[in-house]
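A quick write-up on the structure given underneath.
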Amino acid sequence: MQNLLTSFAGNPVMNWKHKDCAIYLVVALAMKKAGGSSVSTDLFDVESFFGSVIVPELQNKDLDGFPMLKAGALKFFTMFRNHISKPIAMALLPEVVHFLGSDSNVAHSYAASCIEKLLLVKDERGRARYAAADVSLFLLALMTSLFTALQKPESEEN
């Protein structure tokens with residue numbers, strides 16, 4: 001995995017697939033380890049990988065560059081949403097909302113799915129981790145972006 005990430009760092013434009021492969025490798029290992037029903041993080045440090053590999057993709061302002069890489073980062077965020085602290089998730093949620101504006105059906109669909117699943121996370125007592133007050137600051141942007149994404153070609157099924 002480290003070799004893939006090093007290769008990407010050497011030439012991101014040519015080797016973006018290497019980073020995508022590293023993300024999917026981590027996702028696959030977590031799923032296989034857990035039997036597909038829940039996520040295990042015994043094989044890697046989720047927070048470290050998230051901070052060094054996933055966050056830079058989520059903060060990338062180029063909406064339509066390397067959509068599969070962005071989709072992989074959004075899939076990782078979605079899959080490990082229970083392992084990402086609320087403050088970090090809340091800080092990145094506006095970035096995910098931003099991806100709803102992507103022309104890539106894959107990227108804006110993964111962004112919408114990530115937002116949905118993130119907002120449904122429960123705390124250890126079974127209560128919703130995120131309240132209306134948490135999203136109120138960017139609710140208008142969220143709803144506008146969601147409805148705009150639905151108007152994009154190939155998004156009718158979403």
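Each chain in the structure tokens gets a letter, A, B, ..., in the order shown, and its residues are numbered from 1; ligands are numbered from 1 in order too.
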If we count only C-alpha atoms and set the cut-off at 9 Å, which residues sit around Ser109 in chain A, ignoring sequence neighbours fewer than 4 positions away in its own chain? Please answer as a short mmCIF file (atom, residue, chain, number, x, y, z; two decimals) with N, CA, C and O atoms, in the first residue's frame.
data_model
loop_
_atom_site.label_atom_id
_atom_site.label_comp_id
_atom_site.auth_asym_id
_atom_site.auth_seq_id
_atom_site.Cartn_x
_atom_site.Cartn_y
_atom_site.Cartn_z
N ALA A 71 -14.47 9.55 -5.81
CA ALA A 71 -15.48 8.58 -5.40
C ALA A 71 -14.90 7.59 -4.40
O ALA A 71 -15.57 7.23 -3.42
N PHE A 99 -18.96 18.54 -3.48
CA PHE A 99 -18.87 17.52 -4.52
C PHE A 99 -20.22 17.21 -5.17
O PHE A 99 -20.26 16.57 -6.22
N LEU A 100 -21.29 17.66 -4.57
CA LEU A 100 -22.60 17.49 -5.22
C LEU A 100 -22.66 18.28 -6.52
O LEU A 100 -23.48 17.99 -7.38
N SER A 104 -19.51 14.75 -12.68
CA SER A 104 -19.38 13.30 -12.69
C SER A 104 -20.51 12.67 -11.88
O SER A 104 -20.66 12.94 -10.69
N ASN A 105 -21.28 11.83 -12.54
CA ASN A 105 -22.37 11.14 -11.85
C ASN A 105 -21.85 10.32 -10.68
O ASN A 105 -22.46 10.27 -9.62
N SER A 113 -24.64 10.00 -1.17
CA SER A 113 -24.72 8.81 -0.31
C SER A 113 -23.93 9.01 0.98
O SER A 113 -24.39 8.64 2.07
N CYS A 114 -22.76 9.63 0.87
CA CYS A 114 -21.94 9.90 2.05
C CYS A 114 -22.67 10.81 3.03
O CYS A 114 -22.70 10.54 4.24
N ALA A 149 -27.99 18.62 -8.26
CA ALA A 149 -27.38 17.36 -8.71
C ALA A 149 -28.41 16.46 -9.37
O ALA A 149 -28.10 15.75 -10.35
N SER A 155 -28.63 11.40 -13.68
CA SER A 155 -28.92 11.41 -12.24
C SER A 155 -30.38 11.12 -11.93
O SER A 155 -30.77 11.16 -10.77
N ASN A 158 -31.14 8.64 -9.22
CA ASN A 158 -30.75 8.97 -7.86
C ASN A 158 -31.91 9.57 -7.10
O ASN A 158 -31.94 9.62 -5.91
#
Each range 113-157 of chain A residue no farther than 12 Å from range 85-97 of chain A, nearest pair in Å, only C-alpha atoms, as a Markdown table:
| residue | atom | partner | partner_atom | distance |
| --- | --- | --- | --- | --- |
| A:Ser113 | CA | A:Val96 | CA | 10.1 |
| A:Cys114 | CA | A:Val96 | CA | 7.8 |
| A:Ile115 | CA | A:Val96 | CA | 7.2 |
| A:Glu116 | CA | A:Val97 | CA | 10.9 |
| A:Lys117 | CA | A:Leu93 | CA | 11.8 |
| A:Leu118 | CA | A:Ala89 | CA | 8.2 |
| A:Leu119 | CA | A:Leu93 | CA | 9.8 |
| A:Val121 | CA | A:Lys86 | CA | 9.9 |
| A:Lys122 | CA | A:Lys86 | CA | 10.9 |
| A:Asp123 | CA | A:Lys86 | CA | 9.9 |
| A:Ala128 | CA | A:Lys86 | CA | 11.3 |
| A:Arg129 | CA | A:Lys86 | CA | 7.6 |
| A:Tyr130 | CA | A:Lys86 | CA | 8.0 |
| A:Ala131 | CA | A:Lys86 | CA | 11.2 |
| A:Ala133 | CA | A:Met90 | CA | 11.4 |
| A:Asp134 | CA | A:Met90 | CA | 7.6 |
| A:Val135 | CA | A:Met90 | CA | 8.3 |
| A:Ser136 | CA | A:Pro94 | CA | 11.4 |
| A:Leu137 | CA | A:Pro94 | CA | 9.6 |
| A:Phe138 | CA | A:Pro94 | CA | 7.1 |
| A:Leu139 | CA | A:Pro94 | CA | 9.7 |
| A:Leu140 | CA | A:Val97 | CA | 10.7 |
| A:Ala141 | CA | A:Val97 | CA | 7.6 |
| A:Leu142 | CA | A:Val97 | CA | 5.9 |
| A:Met143 | CA | A:Val97 | CA | 9.2 |
| A:Thr144 | CA | A:Val97 | CA | 9.8 |
| A:Ser145 | CA | A:Val97 | CA | 7.0 |
| A:Leu146 | CA | A:Val97 | CA | 8.2 |
| A:Phe147 | CA | A:Val97 | CA | 11.7 |
| A:Thr148 | CA | A:Val97 | CA | 11.5 |
| A:Ala149 | CA | A:Val97 | CA | 10.5 |
Find the spatial neighbours of range 65-67 of chain A, counting only C-alpha atoms, within a cut-off of 10 Å - ignore same-chain residues fewer than 4 positions away - and output them as a ChimeraX atom specification. /A:13,16-17,20,57,60-61,71-73,99,102-108
Write down as a VMD selection string the residues of range 58-118 of chain A whose backbone DSSP state falls under alpha helix (DSSP H). chain A and resid 58 67 to 79 86 to 98 105 to 118
Who sits within 7 Å of range 21-28 of chain A, only C-alpha atoms, same chain under 4 positions skipped, as a compact mmCIF listing (two decimals) with N, CA, C and O atoms, in the first residue's frame:
# COMPACT_ATOMS: atom_id res chain seq x y z
N MET A 1 0.82 -1.18 0.00
CA MET A 1 0.00 0.00 0.00
C MET A 1 0.87 1.25 0.00
O MET A 1 0.57 2.21 -0.72
N LEU A 4 2.19 2.05 -3.40
CA LEU A 4 1.19 2.68 -4.26
C LEU A 4 1.09 4.17 -3.98
O LEU A 4 1.03 4.99 -4.90
N LEU A 5 1.07 4.52 -2.70
CA LEU A 5 0.96 5.93 -2.32
C LEU A 5 2.21 6.72 -2.69
O LEU A 5 2.14 7.88 -3.09
N LYS A 17 -4.37 6.28 -10.30
CA LYS A 17 -4.95 4.95 -10.08
C LYS A 17 -4.25 4.22 -8.93
O LYS A 17 -4.86 3.38 -8.29
N LYS A 32 -13.18 -7.56 4.38
CA LYS A 32 -12.87 -8.98 4.48
C LYS A 32 -12.63 -9.38 5.92
O LYS A 32 -13.10 -10.41 6.38
N GLY A 72 -13.67 7.17 -4.59
CA GLY A 72 -13.03 6.27 -3.65
C GLY A 72 -12.86 6.91 -2.28
O GLY A 72 -13.08 6.27 -1.25
N PHE A 76 -14.66 5.71 1.17
CA PHE A 76 -13.92 5.47 2.42
C PHE A 76 -14.57 6.24 3.56
O PHE A 76 -14.80 5.69 4.65
Considering only C-alpha atoms, can you say which of A:Asn3, A:Gln59, A:Ser52, A:Asn82 comes closest to His98 in chain A?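 Among A:Asn3, A:Gln59, A:Ser52, A:Asn82, it is A:Gln59 that comes nearest to His98 in chain A.
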State, in Å with one decimal place, the distance from CA of Asp62 in chain A to CA of His83 in chain A.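 Separating CA of Asp62 in chain A from CA of His83 in chain A is a distance of 26.5 Å.
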Counting only C-alpha atoms, the residue of A:Gly51, A:Ala30, A:Lys152, A:Lys19 that sits nearest Met68 in chain A: A:Lys19
